[in-house]
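> Contents of upload_39.txt (compact mmCIF, C-alpha atoms (C1' of nucleotides)):
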# COMPACT_ATOMS: atom_id res chain seq x y z
CA MET J 1 38.49 18.42 38.94
CA PRO J 2 41.21 20.29 37.12
CA ARG J 3 41.01 18.74 33.74
CA TRP J 4 37.32 18.08 33.40
CA ASP J 5 34.27 18.69 35.45
CA PRO J 6 32.32 15.55 36.25
CA GLU J 7 29.32 16.97 34.46
CA GLY J 8 30.61 16.73 30.95
CA GLU J 9 27.42 15.27 29.59
CA SER J 10 25.06 17.71 31.21
CA ARG J 11 27.29 20.61 30.23
CA LEU J 12 27.11 19.47 26.64
CA ARG J 13 23.33 19.20 26.83
CA GLU J 14 22.95 22.63 28.31
CA ALA J 15 25.39 24.23 25.87
CA ALA J 16 23.58 22.60 22.98
CA LEU J 17 20.16 23.72 24.14
CA GLN J 18 21.39 27.28 24.59
CA LEU J 19 23.02 27.44 21.18
CA PHE J 20 20.03 25.87 19.48
CA LEU J 21 17.75 28.45 21.05
CA GLU J 22 20.11 31.26 20.08
CA ARG J 23 20.77 30.43 16.46
CA GLY J 24 18.66 27.45 15.48
CA TYR J 25 19.63 23.80 15.29
CA GLU J 26 20.99 23.82 11.77
CA ASN J 27 23.20 26.82 12.33
CA VAL J 28 25.01 25.25 15.24
CA THR J 29 27.95 22.94 14.79
CA VAL J 30 29.04 20.16 17.09
CA ALA J 31 32.41 21.85 17.40
CA GLU J 32 30.71 24.98 18.70
CA ILE J 33 28.75 23.02 21.28
CA THR J 34 31.83 21.29 22.60
CA GLU J 35 33.73 24.55 22.55
CA ARG J 36 31.15 26.17 24.78
CA ALA J 37 31.18 23.16 27.05
CA GLY J 38 34.96 23.14 27.16
CA LEU J 39 35.26 19.75 25.51
CA THR J 40 36.17 18.23 22.19
CA ARG J 41 34.18 17.15 19.23
CA ARG J 42 35.35 13.60 19.70
CA THR J 43 34.10 13.57 23.27
CA PHE J 44 30.68 14.66 22.11
CA SER J 45 30.41 11.53 20.02
CA ARG J 46 31.14 9.43 23.08
CA TYR J 47 28.10 10.76 24.90
CA PHE J 48 25.65 11.10 22.04
CA ALA J 49 25.19 8.95 18.98
CA ASP J 50 24.72 12.02 16.83
CA LYS J 51 24.07 15.71 16.98
CA ARG J 52 20.32 15.33 17.42
CA ASP J 53 20.61 12.99 20.34
CA VAL J 54 21.96 15.69 22.60
CA LEU J 55 18.42 17.04 22.85
CA PHE J 56 16.71 13.77 23.61
CA ALA J 57 18.98 12.22 26.20
CA GLY J 58 16.99 11.20 29.26
CA SER J 59 13.82 10.43 27.37
CA ASP J 60 14.81 6.78 27.30
CA GLU J 61 13.25 5.92 30.63
CA LEU J 62 9.67 6.66 29.70
CA PRO J 63 9.24 3.64 27.42
CA ALA J 64 10.30 1.39 30.29
CA VAL J 65 7.80 3.05 32.60
CA ILE J 66 5.01 2.54 30.11
CA GLY J 67 5.89 -1.09 29.58
CA ASP J 68 6.11 -1.82 33.29
CA ARG J 69 2.80 -0.21 34.09
CA ILE J 70 1.02 -2.05 31.35
CA ARG J 71 2.46 -5.36 32.48
CA THR J 72 1.68 -4.84 36.13
CA ALA J 73 -1.77 -3.40 35.60
CA ASP J 74 -4.74 -5.27 37.03
CA ALA J 75 -5.20 -8.39 34.91
CA ALA J 76 -8.93 -7.74 34.81
CA LEU J 77 -8.49 -4.49 32.92
CA ALA J 78 -9.22 -4.40 29.24
CA PRO J 79 -6.12 -3.70 27.12
CA MET J 80 -7.05 -0.11 26.44
CA GLU J 81 -7.72 0.46 30.12
CA ALA J 82 -4.30 -0.86 31.03
CA VAL J 83 -2.70 1.43 28.50
CA LEU J 84 -4.50 4.46 29.80
CA ALA J 85 -3.42 3.60 33.33
CA ALA J 86 0.18 3.52 32.09
CA LEU J 87 -0.24 6.94 30.55
CA ASP J 88 -1.35 8.20 33.95
CA ALA J 89 1.93 7.01 35.39
CA VAL J 90 3.94 8.76 32.72
CA ALA J 91 1.92 11.90 33.21
CA GLU J 92 2.84 11.95 36.88
CA ARG J 93 6.50 11.58 36.05
CA LEU J 94 6.38 14.58 33.76
CA ALA J 95 4.14 16.68 35.98
CA ASP J 96 6.95 19.02 37.04
CA GLN J 97 8.78 19.18 33.73
CA ALA J 98 6.59 21.69 31.96
CA ALA J 99 9.21 24.43 31.84
CA ILE J 100 12.03 22.32 30.46
CA ALA J 101 9.72 20.52 28.09
CA ALA J 102 8.47 23.78 26.66
CA ARG J 103 11.98 25.06 26.09
CA ARG J 104 12.99 21.92 24.31
CA GLN J 105 9.85 21.75 22.26
CA ALA J 106 10.51 25.22 20.94
CA VAL J 107 13.77 23.99 19.49
CA VAL J 108 12.29 20.82 18.08
CA ARG J 109 9.41 22.66 16.48
CA ALA J 110 11.84 24.82 14.51
CA SER J 111 13.81 21.96 13.00
CA PRO J 112 12.50 19.22 10.70
CA GLU J 113 15.53 17.14 11.52
CA LEU J 114 14.73 17.21 15.22
CA GLN J 115 11.06 16.53 14.60
CA GLU J 116 12.13 13.40 12.81
CA ARG J 117 14.13 12.27 15.79
CA ALA J 118 11.25 13.08 18.11
CA LEU J 119 9.07 10.75 16.09
CA THR J 120 11.51 7.89 16.67
CA LYS J 121 11.36 8.55 20.37
CA PHE J 122 7.61 8.22 20.24
CA ALA J 123 8.07 5.07 18.21
CA VAL J 124 10.28 3.57 20.90
CA ALA J 125 7.57 4.24 23.45
CA THR J 126 5.03 2.74 21.09
CA ASP J 127 7.06 -0.43 20.73
CA ALA J 128 7.45 -0.72 24.48
CA ALA J 129 3.71 -0.39 24.96
CA ALA J 130 3.01 -2.88 22.19
CA ASP J 131 5.39 -5.42 23.66
CA ALA J 132 3.78 -5.09 27.05
CA LEU J 133 0.34 -5.53 25.59
CA ARG J 134 1.44 -8.69 23.83
CA SER J 135 2.64 -10.04 27.15
CA ARG J 136 -0.92 -9.54 28.35
CA GLY J 137 -2.12 -11.77 25.56
CA VAL J 138 -3.15 -9.14 23.07
CA PRO J 139 -2.56 -10.29 19.48
CA ALA J 140 0.55 -8.78 17.92
CA SER J 141 -0.88 -6.40 15.37
CA THR J 142 -3.72 -5.39 17.65
CA ALA J 143 -1.17 -4.54 20.30
CA THR J 144 0.71 -2.31 17.87
CA LEU J 145 -2.49 -0.56 16.90
CA LEU J 146 -3.54 0.10 20.48
CA ALA J 147 -0.05 1.26 21.36
CA GLN J 148 0.00 3.73 18.51
CA VAL J 149 -3.35 5.07 19.54
CA ALA J 150 -2.20 5.39 23.13
CA ILE J 151 0.83 7.43 22.10
CA ALA J 152 -1.40 9.58 19.93
CA ILE J 153 -3.62 10.26 22.92
CA PHE J 154 -0.62 11.12 25.01
CA ARG J 155 0.89 13.43 22.42
CA THR J 156 -2.36 15.31 22.14
CA ALA J 157 -2.68 15.56 25.90
CA PHE J 158 0.92 16.69 26.24
CA GLU J 159 0.53 19.45 23.71
CA ARG J 160 -2.65 20.75 25.30
CA TRP J 161 -1.00 20.64 28.68
CA LEU J 162 2.04 22.61 27.51
CA ASN J 163 -0.25 25.30 26.18
CA ALA J 164 -1.68 25.87 29.66
CA PRO J 165 0.22 23.88 32.28
CA ALA J 166 -1.41 25.67 35.19
CA GLU J 167 -5.00 25.18 34.21
CA VAL J 168 -5.39 21.43 33.79
CA SER J 169 -3.02 18.69 34.89
CA LEU J 170 -1.35 16.47 32.33
CA ARG J 171 -3.16 13.53 33.83
CA ASP J 172 -6.53 15.11 33.26
CA ARG J 173 -5.51 16.08 29.76
CA VAL J 174 -4.83 12.43 29.05
CA ARG J 175 -8.28 11.46 30.23
CA GLU J 176 -9.83 14.30 28.29
CA SER J 177 -8.14 13.23 25.07
CA ALA J 178 -9.02 9.59 25.56
CA ALA J 179 -12.65 10.46 26.18
CA GLU J 180 -12.70 12.63 23.10
CA LEU J 181 -11.38 9.85 20.93
CA SER J 182 -13.77 7.36 22.46
CA SER J 183 -16.73 9.54 21.65
CA SER J 184 -15.48 9.93 18.09
CA PHE J 185 -16.03 6.23 17.72
CA GLY J 186 -19.20 6.08 19.72
CA SER J 187 -21.38 8.64 18.00
CA GLN J 188 -21.46 7.63 14.40
CA PRO J 189 -24.41 9.06 12.46
CA SER J 190 -25.05 7.83 8.97
CA MET F 1 19.95 10.58 -25.79
CA PRO F 2 23.65 9.89 -26.08
CA ARG F 3 24.90 11.43 -22.94
CA TRP F 4 22.15 10.53 -20.52
CA ASP F 5 19.03 8.46 -20.61
CA PRO F 6 15.88 10.39 -19.75
CA GLU F 7 15.25 8.08 -16.84
CA GLY F 8 18.00 9.27 -14.56
CA GLU F 9 15.79 9.46 -11.52
CA SER F 10 14.15 6.09 -11.90
CA ARG F 11 17.51 4.48 -12.68
CA LEU F 12 18.85 5.89 -9.45
CA ARG F 13 15.87 4.58 -7.51
CA GLU F 14 16.17 1.12 -8.98
CA ALA F 15 19.93 0.97 -8.48
CA ALA F 16 19.53 2.08 -4.89
CA LEU F 17 16.83 -0.47 -4.11
CA GLN F 18 18.93 -3.24 -5.61
CA LEU F 19 22.04 -2.30 -3.69
CA PHE F 20 20.13 -1.87 -0.44
CA LEU F 21 18.65 -5.33 -0.83
CA GLU F 22 22.04 -6.80 -1.67
CA ARG F 23 24.16 -5.32 1.08
CA GLY F 24 21.94 -3.34 3.42
CA TYR F 25 21.31 0.39 3.49
CA GLU F 26 24.24 1.35 5.69
CA ASN F 27 26.77 -0.55 3.62
CA VAL F 28 25.87 1.23 0.43
CA THR F 29 27.35 4.55 -0.52
CA VAL F 30 25.78 7.22 -2.67
CA ALA F 31 28.78 7.00 -4.98
CA GLU F 32 28.05 3.32 -5.55
CA ILE F 33 24.42 4.00 -6.34
CA THR F 34 25.25 6.64 -8.89
CA GLU F 35 27.98 4.47 -10.33
CA ARG F 36 25.52 1.65 -10.96
CA ALA F 37 23.10 4.13 -12.48
CA GLY F 38 25.82 5.66 -14.64
CA LEU F 39 25.58 9.05 -12.99
CA THR F 40 27.46 11.20 -10.52
CA ARG F 41 27.16 11.77 -6.83
CA ARG F 42 26.33 15.40 -7.44
CA THR F 43 23.46 14.46 -9.72
CA PHE F 44 22.02 12.24 -7.03
CA SER F 45 21.70 15.23 -4.75
CA ARG F 46 19.73 17.06 -7.41
CA TYR F 47 17.03 14.41 -7.43
CA PHE F 48 16.95 13.48 -3.78
CA ALA F 49 17.41 15.61 -0.70
CA ASP F 50 19.48 12.91 0.96
CA LYS F 51 20.40 9.28 0.69
CA ARG F 52 17.26 8.06 2.42
CA ASP F 53 14.93 9.92 0.14
CA VAL F 54 15.78 7.72 -2.81
CA LEU F 55 13.59 5.04 -1.24
CA PHE F 56 10.60 7.23 -0.51
CA ALA F 57 10.23 9.22 -3.70
CA GLY F 58 6.69 8.95 -5.02
CA SER F 59 5.10 8.60 -1.62
CA ASP F 60 4.42 12.33 -1.63
CA GLU F 61 1.10 12.07 -3.41
CA LEU F 62 -0.71 10.07 -0.77
CA PRO F 63 -1.02 12.92 1.73
CA ALA F 64 -2.71 15.02 -0.94
CA VAL F 65 -5.13 12.21 -1.70
CA ILE F 66 -6.02 11.85 1.95
CA GLY F 67 -6.57 15.56 2.36
CA ASP F 68 -8.72 15.83 -0.74
CA ARG F 69 -10.95 12.94 0.21
CA ILE F 70 -11.49 14.24 3.70
CA ARG F 71 -12.39 17.67 2.39
CA THR F 72 -14.74 16.41 -0.28
CA ALA F 73 -16.40 13.79 1.88
CA ASP F 74 -20.12 14.11 2.55
CA ALA F 75 -20.56 17.00 4.95
CA ALA F 76 -22.98 14.94 7.00
CA LEU F 77 -20.30 12.40 7.90
CA ALA F 78 -18.80 12.49 11.34
CA PRO F 79 -15.09 13.38 11.32
CA MET F 80 -13.95 9.84 11.93
CA GLU F 81 -16.21 8.59 9.18
CA ALA F 82 -14.75 11.06 6.73
CA VAL F 83 -11.25 9.96 7.63
CA LEU F 84 -12.06 6.29 7.16
CA ALA F 85 -13.55 7.07 3.77
CA ALA F 86 -10.28 8.76 2.84
CA LEU F 87 -8.35 5.69 3.90
CA ASP F 88 -10.50 3.67 1.55
CA ALA F 89 -9.38 5.89 -1.29
CA VAL F 90 -5.74 5.47 -0.40
CA ALA F 91 -6.22 1.73 -0.11
CA GLU F 92 -7.53 1.59 -3.64
CA ARG F 93 -4.54 3.51 -4.91
CA LEU F 94 -2.18 1.04 -3.34
CA ALA F 95 -4.19 -2.05 -4.22
CA ASP F 96 -1.78 -3.17 -6.94
CA GLN F 97 1.46 -2.17 -5.24
CA ALA F 98 1.82 -5.09 -2.88
CA ALA F 99 4.91 -6.50 -4.57
CA ILE F 100 6.89 -3.26 -4.69
CA ALA F 101 5.76 -2.28 -1.23
CA ALA F 102 6.94 -5.57 0.21
CA ARG F 103 10.34 -5.22 -1.41
CA ARG F 104 10.77 -1.75 -0.08
CA GLN F 105 9.52 -2.60 3.36
CA ALA F 106 12.12 -5.33 3.65
CA VAL F 107 14.81 -2.71 3.21
CA VAL F 108 13.22 -0.27 5.61
CA ARG F 109 12.71 -2.88 8.27
CA ALA F 110 16.43 -3.60 8.31
CA SER F 111 17.56 0.00 8.84
CA PRO F 112 16.74 2.24 11.79
CA GLU F 113 17.69 5.24 9.72
CA LEU F 114 15.12 4.35 7.09
CA GLN F 115 12.49 3.59 9.69
CA GLU F 116 12.99 7.09 10.98
CA ARG F 117 12.36 8.53 7.57
CA ALA F 118 9.32 6.33 7.12
CA LEU F 119 7.89 7.82 10.29
CA THR F 120 8.33 11.27 8.82
CA LYS F 121 6.38 10.22 5.76
CA PHE F 122 3.56 9.02 7.97
CA ALA F 123 3.73 12.31 9.82
CA VAL F 124 3.28 14.22 6.58
CA ALA F 125 0.18 12.20 5.86
CA THR F 126 -1.01 12.82 9.39
CA ASP F 127 -0.59 16.56 8.97
CA ALA F 128 -2.49 16.52 5.71
CA ALA F 129 -5.36 14.65 7.30
CA ALA F 130 -5.37 16.97 10.30
CA ASP F 131 -5.45 20.05 8.10
CA ALA F 132 -8.34 18.66 6.13
CA LEU F 133 -10.25 17.85 9.30
CA ARG F 134 -9.75 21.39 10.54
CA SER F 135 -11.23 22.68 7.31
CA ARG F 136 -14.29 20.62 8.19
CA GLY F 137 -14.55 22.51 11.45
CA VAL F 138 -12.88 20.03 13.74
CA PRO F 139 -10.96 21.77 16.54
CA ALA F 140 -7.22 21.85 15.94
CA SER F 141 -5.92 19.43 18.51
CA THR F 142 -8.85 17.08 18.05
CA ALA F 143 -8.07 17.01 14.37
CA THR F 144 -4.47 16.06 15.07
CA LEU F 145 -5.58 13.31 17.38
CA LEU F 146 -8.03 11.83 14.92
CA ALA F 147 -5.49 12.09 12.12
CA GLN F 148 -2.89 10.23 14.15
CA VAL F 149 -5.38 7.52 14.95
CA ALA F 150 -6.36 7.26 11.32
CA ILE F 151 -2.77 6.75 10.24
CA ALA F 152 -2.33 4.19 13.00
CA ILE F 153 -5.32 2.29 11.64
CA PHE F 154 -3.90 2.46 8.16
CA ARG F 155 -0.46 1.30 9.19
CA THR F 156 -1.93 -1.68 10.96
CA ALA F 157 -4.10 -2.50 8.00
CA PHE F 158 -1.21 -2.11 5.60
CA GLU F 159 1.00 -4.46 7.55
CA ARG F 160 -1.67 -7.12 7.79
CA TRP F 161 -2.35 -6.79 4.13
CA LEU F 162 1.31 -7.20 3.18
CA ASN F 163 1.45 -10.39 5.18
CA ALA F 164 -1.28 -11.91 3.03
CA PRO F 165 -2.14 -9.68 0.06
CA ALA F 166 -4.19 -12.33 -1.69
CA GLU F 167 -6.49 -13.22 1.17
CA VAL F 168 -8.05 -9.93 2.22
CA SER F 169 -8.03 -6.63 0.35
CA LEU F 170 -6.29 -3.63 1.84
CA ARG F 171 -9.63 -1.90 1.96
CA ASP F 172 -11.14 -4.61 4.06
CA ARG F 173 -8.09 -4.63 6.28
CA VAL F 174 -8.68 -0.96 6.96
CA ARG F 175 -12.25 -1.63 8.00
CA GLU F 176 -11.17 -4.57 10.08
CA SER F 177 -8.60 -2.50 11.97
CA ALA F 178 -10.99 0.35 12.50
CA ALA F 179 -13.63 -1.97 13.87
CA GLU F 180 -11.12 -3.55 16.17
CA LEU F 181 -10.10 -0.24 17.60
CA SER F 182 -13.69 0.86 17.95
CA SER F 183 -14.53 -2.22 19.97
CA SER F 184 -11.50 -1.59 22.18
CA PHE F 185 -13.21 1.57 23.26
CA GLY F 186 -16.67 0.12 23.40
CA SER F 187 -16.21 -2.81 25.74
CA GLN F 188 -14.87 -1.38 28.94
CA PRO F 189 -15.53 -3.62 31.97
CA SER F 190 -15.61 -2.43 35.58
C1' DG K 1 54.00 6.12 46.25
C1' DC K 2 52.66 3.33 42.23
C1' DC K 3 49.49 1.77 38.89
C1' DG K 4 45.40 0.63 36.54
C1' DT K 5 41.22 2.48 34.86
C1' DG K 6 38.43 5.55 32.73
C1' DA K 7 37.50 9.96 30.71
C1' DT K 8 39.36 13.00 27.53
C1' DG K 9 42.31 14.82 23.66
C1' DT K 10 44.73 14.31 19.04
C1' DC K 11 45.02 12.73 14.52
C1' DT K 12 43.07 10.79 10.65
C1' DC K 13 39.73 9.20 7.33
C1' DA K 14 35.35 8.02 4.70
C1' DA K 15 31.02 9.76 3.58
C1' DT K 16 27.63 13.20 3.06
C1' DG K 17 25.45 17.45 1.42
C1' DT K 18 26.13 21.67 -1.14
C1' DG K 19 27.90 25.85 -3.75
C1' DA K 20 30.11 27.56 -7.94
C1' DC K 21 31.17 26.82 -12.36
C1' DA K 22 32.01 24.13 -16.73
C1' DT K 23 30.20 21.11 -20.32
C1' DC K 24 27.29 18.93 -23.41
C1' DA K 25 22.99 17.77 -26.06
C1' DC K 26 18.74 19.20 -27.55
C1' DG K 27 15.18 22.32 -29.73
C1' DC K 28 14.16 26.69 -31.54
C1' DT K 29 14.94 30.36 -34.68
C1' DA K 30 16.78 33.14 -38.23
C1' DT S 1 22.20 25.29 -41.85
C1' DA S 2 24.37 27.82 -38.31
C1' DG S 3 23.82 29.81 -33.98
C1' DC S 4 21.93 30.18 -29.42
C1' DG S 5 19.70 29.42 -25.15
C1' DT S 6 18.15 26.07 -21.92
C1' DG S 7 18.37 22.31 -19.03
C1' DA S 8 20.57 18.21 -17.36
C1' DT S 9 24.82 16.60 -16.10
C1' DG S 10 29.82 16.66 -14.70
C1' DT S 11 33.86 18.68 -12.11
C1' DC S 12 35.98 20.72 -8.32
C1' DA S 13 36.07 22.32 -3.78
C1' DC S 14 34.56 22.79 0.93
C1' DA S 15 32.32 22.35 5.69
C1' DT S 16 30.44 19.03 8.62
C1' DT S 17 29.68 14.73 10.58
C1' DG S 18 30.66 10.23 12.68
C1' DA S 19 34.14 6.94 13.86
C1' DG S 20 38.78 4.25 14.55
C1' DA S 21 43.34 4.20 16.64
C1' DC S 22 46.19 5.77 19.90
C1' DA S 23 48.07 9.07 23.42
C1' DT S 24 47.40 11.53 27.73
C1' DC S 25 45.96 12.80 32.12
C1' DA S 26 43.53 12.56 36.74
C1' DC S 27 41.62 9.87 40.16
C1' DG S 28 41.08 5.80 43.44
C1' DG S 29 42.76 1.55 45.32
C1' DC S 30 46.61 -1.18 46.78
How would this structure read if it were set down as structure tokens?

Amino acid sequence: MPRWDPEGESRLREAALQLFLERGYENVTVAEITERAGLTRRTFSRYFADKRDVLFAGSDELPAVIGDRIRTADAALAPMEAVLAALDAVAERLADQAAIAARRQAVVRASPELQERALTKFAVATDAAADALRSRGVPASTATLLAQVAIAIFRTAFERWLNAPAEVSLRDRVRESAAELSSSFGSQPS
Amino acid sequence: MPRWDPEGESRLREAALQLFLERGYENVTVAEITERAGLTRRTFSRYFADKRDVLFAGSDELPAVIGDRIRTADAALAPMEAVLAALDAVAERLADQAAIAARRQAVVRASPELQERALTKFAVATDAAADALRSRGVPASTATLLAQVAIAIFRTAFERWLNAPAEVSLRDRVRESAAELSSSFGSQPS
DNA sequence: GCCGTGATGTCTCAATGTGACATCACGCTA
DNA sequence: TAGCGTGATGTCACATTGAGACATCACGGC
């Protein structure tokens, strides 16, 4: 491959992650990323919609996984049960990604712009879950509510897991968070 | 005021909302907004951090309201109860804003870029609620979880309310959504 | 051995966000 | 009443981004 390596996209992702870690997202220019990757600014735009997207490529499969699992879950399961089962599936997919996830999260945490994009990624997953719930017969706005709550549970679990990946599995963190929320509704003094 | 009316900011907001409704967010340029408002592009940047912000100005007080209410809620209330009480307060603040909110939501719904910013605004409210919960002694990650769920409840309630503002009050929609979620946890077959 | 296809480069432009500095109106003060 | 400082606005310039139009080059199939 004289003119270009076949890994243009992954080289761009890696170069971007490196530069972001070195100098911070806002202090890195697209031209610098492509320069390090040996490509051109125009080429960057062909792989990624915008500068932020270079960090989130690959996270587009999780929403599909969530939707599938919810749809194919045992029909006897209550909606929330089906959602939690789907989160288990996602947790297994991410089980070996702790290292990469931590590196990326460090970058995201330092940049409001990237946090904003991360929220849209969560929103895409939320929409996928909500759609799947509706196909199980859950009313539209109820489905959205449950989906949002599910993603909230997962985000909490994911964060706890990243803080100590070796101690408790992501899967167990999901169950822990769900149980915690459930008990917040159950024990209501007054 | 010969050279400039004192209402520069509000004129910009109104001009922007009009133009967005007329031609869609992406097809409107900052220069056009300022032109309609009788100002300059540079002045726009002094009022709003970026083009999206012109739609969300004024929504910065709600997080403070939420935080205050959670902090000042009866100390005997369970965390989730305190949060729901705070949502009641926000609901009352917005009770008479249905018309404006609907107009703005129409614009946001049509633009992914604006939806992204809307998510950030929700995130700010979430953070405020989480901080307040922590000051009540709720563990950090539990506080974040409950705050996210609270905002999810509110978003659901808000959407239902906008669909029929005259039928059920926003406050009652909040309670309705909360009860719905609670029962999703309560009735778990198998 | 040629050629189409696809990935990449080059050139160009509109739009955005921002820094530096000028300008103008207003209120205060002597 | 004149002058002055302050704050809001305008003017100019620049770096960066995202995208269209077109050229270029390598590879695989015929």
> List the neighbours of J:Arg42 out to 9 Å using all atoms listed in the file; skip same-chain residues closer than 4 positions along the sequence, and give me the result as a list in words.
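Final neighbour list, sorted by chain and number: Thr34 and Arg46 of chain J; DT8 and DG9 of chain K; DA19 of chain S.
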> Define the interface residues of chain S facing chain F as those within 9 Å, counting all atoms listed in the file, and report them as a list in words.
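Interface list for chain S against chain F: DA8, DT9 and DG10 of chain S.
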> I'd like the neighbourhood of S:DG18 as a VMD selection string, where a residue qualifies if any of its atoms comes within 10 Å (using only C-alpha atoms (C1' of nucleotides)), though same-chain residues fewer than 4 positions away should be ignored.
(chain J and resid 42 45 49 to 51) or (chain K and resid 14 to 15)
> Counting all atoms listed in the file, which residues of chain F come no farther than 7 Å from chain J, as a PyMOL selection string?
chain F and resi 77-78+80+116+119-120+141+145+148-149+152-153+156+182+184-185+188-189
> When you look at S:DC12 with a cut-off of 12 Å (counting all atoms listed in the file), what residues show up, excluding the ones that are within fewer than 4 positions of it in the same chain? I need them as an NGL selection string.
(:F and (42)) or (:K and (19-22))
> Residues of chain K within 10 Å of chain F, counting only C-alpha atoms (C1' of nucleotides), what are they? List them as a list of chain:residue names.
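Per the criterion, chain K yields K:DA15, K:DT16, K:DG17, K:DT18, K:DC24, K:DA25, K:DC26.
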> Would you mind reading off the distance between atom CA of F:Ala86 and atom CA of F:Arg69, one decimal, in Å?
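If I compute the distance from atom CA of F:Ala86 to atom CA of F:Arg69, I get 5.0 Å.
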> Can you work out the spacing between atom CA of F:Gly67 and atom CA of F:Thr126 in Å, to one decimal?
9.4 Å
> Residues within 7 Å of (46.6, 7.1, 12.2), file coordinates, counting only C-alpha atoms (C1' of nucleotides): what are they? Give the list as a VMD selection string.
(chain K and resid 11 to 12) or (chain S and resid 21)
> Do you know which residues lie at most 9 Å from (48.5, 13.0, 26.6), with coordinates as in the file and all atoms listed in the file counted, and could you write them as a list in words?
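Residues found, by chain and rising number: DG9 and DT10 of chain K; DA23, DT24 and DC25 of chain S.
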> Do you have the atom CA of J:Leu170-atom CA of J:Thr72 distance handy?
21.9 Å
> Go through J:Arg52, J:Asp172, J:Glu61, J:Ala89 and flag the residue nearest S:DT17, using all atoms listed in the file for the distances.
J:Arg52
> Looking at all atoms listed in the file, which of F:Ser111, F:Ala16, F:Tyr25, F:Arg171 is the one that sits closest to F:Leu84?
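Nearest to F:Leu84: F:Arg171.
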> Using all atoms listed in the file, which of the listed residues (S:DG29, S:DT11, S:DC4, S:DG20) sits closest to K:DG27?
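Distance minimum relative to K:DG27 lands on S:DC4.
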> Using only C-alpha atoms, which of F:Ala110, F:Pro139, F:Ala64, F:Leu162 sits nearest F:Asn27?
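For F:Asn27, the nearest of the candidates is F:Ala110.
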> Looking at J:Ala95, J:Val174, J:Leu133, J:Ala57, which one is nearest to J:Ala75, with distances taken over only C-alpha atoms?
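For J:Ala75, the nearest of the candidates is J:Leu133.
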